[in-house]
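Asker: my_file_2.cif is reproduced below (mmCIF, C-alpha atoms).
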data_query
loop_
_atom_site.label_atom_id
_atom_site.label_comp_id
_atom_site.auth_asym_id
_atom_site.auth_seq_id
_atom_site.Cartn_x
_atom_site.Cartn_y
_atom_site.Cartn_z
CA MET A 1019 71.95 97.93 89.00
CA GLY A 1020 71.00 94.61 90.51
CA GLN A 1021 67.37 95.06 91.56
CA SER A 1022 66.23 97.29 88.66
CA ALA A 1023 67.82 95.02 86.06
CA HIS A 1024 66.08 92.01 87.54
CA GLN A 1025 62.82 93.92 87.60
CA LEU A 1026 63.27 94.97 83.93
CA TRP A 1027 63.79 91.38 82.82
CA PHE A 1028 61.09 90.01 85.11
CA VAL A 1029 58.38 92.11 83.45
CA SER A 1030 59.81 91.26 80.01
CA SER A 1031 59.91 87.55 80.85
CA VAL A 1032 56.28 87.58 81.98
CA MET A 1033 55.29 89.32 78.75
CA ILE A 1034 57.33 86.81 76.69
CA GLY A 1035 55.39 83.99 78.38
CA LEU A 1036 52.15 85.84 77.68
CA GLY A 1037 53.11 86.15 73.99
CA ALA A 1038 53.79 82.42 73.81
CA LEU A 1039 50.46 81.62 75.46
CA LEU A 1040 48.64 83.99 73.09
CA ALA A 1041 50.23 82.31 70.06
CA LEU A 1042 49.33 78.83 71.27
CA GLY A 1043 45.82 80.00 72.18
CA ALA A 1044 45.33 81.53 68.73
CA ALA A 1045 46.44 78.26 67.12
CA ALA A 1046 44.04 76.29 69.32
CA ALA A 1047 41.20 78.69 68.47
CA ASP A 1048 42.02 78.30 64.77
CA ARG A 1049 41.85 74.52 65.05
CA LYS A 1050 38.56 74.76 66.95
CA ILE A 1051 36.99 77.15 64.43
CA THR A 1052 38.03 75.09 61.40
CA GLY A 1053 36.93 71.80 62.95
CA ALA A 1054 37.79 68.35 61.67
CA ALA A 1055 36.47 68.93 58.15
CA GLY A 1056 38.52 72.09 57.63
CA GLU A 1057 35.48 74.24 56.91
CA VAL A 1058 35.30 77.70 58.42
CA PRO A 1059 32.28 79.88 59.11
CA TRP A 1060 31.37 82.20 56.25
CA PHE A 1061 32.34 85.34 58.19
CA VAL A 1062 35.98 84.25 58.75
CA PRO A 1063 38.24 85.50 55.95
CA VAL A 1064 40.76 82.85 54.93
CA SER A 1065 43.74 83.21 52.62
CA ALA A 1066 46.37 80.86 51.33
CA PRO A 1067 48.93 79.70 53.92
CA ALA A 1068 51.77 81.30 51.97
CA GLU A 1069 50.04 84.68 52.10
CA ALA A 1070 49.43 84.32 55.82
CA ARG A 1071 53.11 83.45 56.39
CA ASP A 1072 54.19 86.49 54.38
CA LEU A 1073 51.81 88.72 56.32
CA MET A 1074 53.01 87.35 59.67
CA SER A 1075 56.72 87.49 58.82
CA THR A 1076 56.57 91.22 58.03
CA PRO A 1077 56.09 92.48 61.61
CA VAL A 1078 58.54 89.91 62.95
CA THR A 1079 61.30 90.96 60.58
CA ALA A 1080 60.59 94.61 61.36
CA MET A 1081 60.41 94.24 65.14
CA VAL A 1082 63.74 92.45 65.67
CA PRO A 1083 65.99 95.22 64.32
CA ALA A 1084 63.68 97.96 65.66
CA THR A 1085 63.84 96.56 69.19
CA SER A 1086 67.60 96.10 69.18
CA LEU A 1087 68.20 99.52 67.63
CA ILE A 1088 65.89 101.42 69.97
CA PHE A 1089 67.27 99.91 73.14
CA SER A 1090 70.91 99.95 72.10
CA ILE A 1091 70.70 103.64 71.19
CA SER A 1092 68.81 104.40 74.40
CA MET A 1093 71.39 102.62 76.53
CA GLY A 1094 74.24 104.30 74.65
CA VAL A 1095 72.76 107.74 75.22
CA LEU A 1096 72.05 106.97 78.87
CA THR A 1097 75.57 105.67 79.42
CA LEU A 1098 77.06 108.85 77.97
CA ALA A 1099 74.66 110.99 80.01
CA ALA A 1100 75.43 108.99 83.15
CA THR A 1101 79.02 110.22 83.06
CA GLN A 1102 77.72 113.75 83.68
CA PHE A 1103 74.62 113.12 85.77
CA GLY A 1104 75.62 110.01 87.69
CA PRO A 1105 74.89 106.27 87.52
CA ARG A 1106 71.39 106.66 88.95
CA LEU A 1107 70.18 107.80 85.52
CA VAL A 1108 70.52 104.33 83.99
CA ARG A 1109 69.07 102.71 87.11
CA ASN A 1110 66.07 105.06 87.06
CA PHE A 1111 65.52 104.45 83.33
CA MET A 1112 65.55 100.69 83.77
CA SER A 1113 63.19 100.80 86.76
CA MET A 1114 60.56 102.91 84.95
CA ARG A 1115 57.35 100.98 84.24
CA GLN A 1116 57.10 102.47 80.72
CA THR A 1117 60.55 101.12 79.83
CA GLN A 1118 59.69 97.67 81.14
CA LEU A 1119 56.37 97.52 79.31
CA THR A 1120 57.86 98.85 76.06
CA LEU A 1121 60.65 96.30 76.04
CA GLY A 1122 58.20 93.57 77.03
CA THR A 1123 55.77 94.55 74.27
CA PHE A 1124 58.47 94.53 71.60
CA VAL A 1125 59.87 91.18 72.69
CA MET A 1126 56.38 89.71 73.20
CA THR A 1127 55.47 90.68 69.62
CA ILE A 1128 58.61 88.99 68.30
CA VAL A 1129 57.95 85.80 70.30
CA TYR A 1130 54.29 85.72 69.25
CA GLY A 1131 55.25 86.10 65.60
CA LEU A 1132 57.98 83.47 65.71
CA ILE A 1133 55.76 80.90 67.41
CA THR A 1134 52.89 81.65 65.02
CA LEU A 1135 55.21 81.30 62.02
CA THR A 1136 56.48 77.99 63.39
CA LEU A 1137 52.93 76.73 63.86
CA MET A 1138 51.98 77.92 60.35
CA ALA A 1139 54.88 75.95 58.88
CA GLN A 1140 53.38 72.80 60.39
CA THR A 1141 50.01 73.27 58.67
CA PRO A 1142 49.29 71.58 55.34
CA ALA A 1143 49.87 73.66 52.21
CA ALA A 1144 46.36 73.39 50.77
CA ARG A 1145 43.70 74.17 53.33
CA PRO A 1146 40.11 74.34 52.19
CA GLY A 1147 38.74 77.80 52.63
CA PRO A 1148 36.39 80.30 51.16
CA SER A 1149 36.16 81.51 47.66
CA PRO A 1150 37.99 84.62 46.48
CA PRO A 1151 39.25 87.16 48.77
CA SER A 1152 36.69 86.62 51.51
CA ARG A 1153 33.18 85.35 51.73
CA LEU A 1154 32.18 88.20 54.01
CA ARG A 1155 32.99 90.86 51.44
CA TRP A 1156 31.24 88.95 48.64
CA ARG A 1157 28.13 88.39 50.73
CA ALA A 1158 28.10 92.03 51.78
CA TRP A 1159 27.98 92.93 48.09
CA GLY A 1160 25.05 90.55 47.53
CA PHE A 1161 27.01 87.78 45.82
CA SER A 1162 27.00 84.18 46.86
CA ALA A 1163 30.42 82.58 46.62
CA ARG A 1164 29.01 79.09 46.16
CA SER A 1165 26.13 79.93 43.84
CA SER A 1166 25.69 77.65 40.87
CA THR A 1167 23.25 79.90 39.00
CA GLY A 1168 25.86 82.27 37.58
CA SER A 1169 23.89 85.43 38.30
CA PRO A 1170 24.27 87.36 40.54
CA GLY A 1171 26.57 84.86 42.33
CA ARG A 1172 29.54 83.19 40.69
CA SER A 1173 31.17 79.91 41.44
CA TRP A 1174 34.94 79.91 42.04
CA ARG A 1175 37.54 77.17 41.99
CA ARG A 1176 41.16 76.99 43.08
CA GLN A 1177 43.76 76.75 40.33
CA SER A 1178 47.30 76.10 41.56
CA SER A 1179 49.09 78.50 39.21
CA ARG A 1180 46.56 81.37 39.12
CA GLY A 1181 44.90 81.23 42.55
CA TRP A 1182 41.09 81.58 42.60
CA VAL A 1183 39.43 81.72 39.20
CA PRO A 1184 35.77 81.80 38.14
CA SER A 1185 34.44 78.46 36.99
#
Go ahead and express the file in the form of structure tokens.
Answerer:
Amino acid sequence: MGQSAHQLWFVSSVMIGLGALLALGAAAADRKITGAAGEVPWFVPVSAPAEARDLMSTPVTAMVPATSLIFSISMGVLTLAATQFGPRLVRNFMSMRQTQLTLGTFVMTIVYGLITLTLMAQTPAARPGPSPPSRLRWRAWGFSARSSTGSPGRSWRRQSSRGWVPS
């Protein structure tokens, strides 16, 4: 079991490092896009930080039990089958490239989500962003989110208790 186990965790470790680098790269790209003033281009949809944290925590909380359940059941089945077919079954399963990439992908997703959530917790609560749901959708419909004329565009302002409201 020595060489295949090391190979299984080597591929997973590389993918964990890749997930960490992707999370840090995404955070750096976010800082570069927003710039010093905190303004984003009109085509970048921005939501409240709490909504982004909720959206990011969903796959993380789903992937942790899914990963542990899938691999614990797989190893349990293989251990029981190995009593009849021999110990090479587990060794062959662990040395398969699909197994290594699947485990690495699951763990990489978890690491990416945890690092992203940690970096989101360090951002300020109120970040200036676009008007309601996204500027791109409003502009596609022919509305201007920052129009002061009232028709066809509407002006929006942020209200702490109700979110975005027309002004």
Asker: Given the file above and the PyMOL selection byres ((chain A and resi 1084-1097) around 12), which residues are selected, and can you give them as a PyMOL selection string?
Answerer: chain A and resi 1077-1083+1098-1112+1117-1118+1120-1128
Asker: So how many Å separate atom CA of A:Ser1075 and atom CA of A:Phe1061, to one decimal?
Answerer: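 So the answer is 24.5 Å.
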Asker: Go through the shown structure with the PyMOL selection byres ((chain A and resi 1035-1051) around 6) and write out the matching residues as a list in words.
Answerer: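 Checked against the file, the PyMOL selection byres ((chain A and resi 1035-1051) around 6) matches Val1032, Met1033, Ile1034, Thr1052, Gly1053, Met1126, Tyr1130 and Thr1134 of chain A.
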Asker: Could you check how far atom CA of A:Glu1057 sits from atom CA of A:Ile1133, in Å to one decimal?
Answerer: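 Pair atom CA of A:Glu1057 / atom CA of A:Ile1133 returns 23.8 Å.
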Asker: Work out how far atom CA of A:Thr1136 is from atom CA of A:Pro1063, in Å to one decimal.
Answerer: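 It comes out at 21.1 Å.
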Asker: Each side padded by 6 Å, which centre and which edge lengths in Å (one decimal) define the axis-aligned box around the listed atoms of stretch 1120-1127 of chain A? Give them as lines of an AutoDock Vina configuration file.
Answerer:
center_x = 58.1
center_y = 94.3
center_z = 73.3
size_x = 17.2
size_y = 21.1
size_z = 19.4
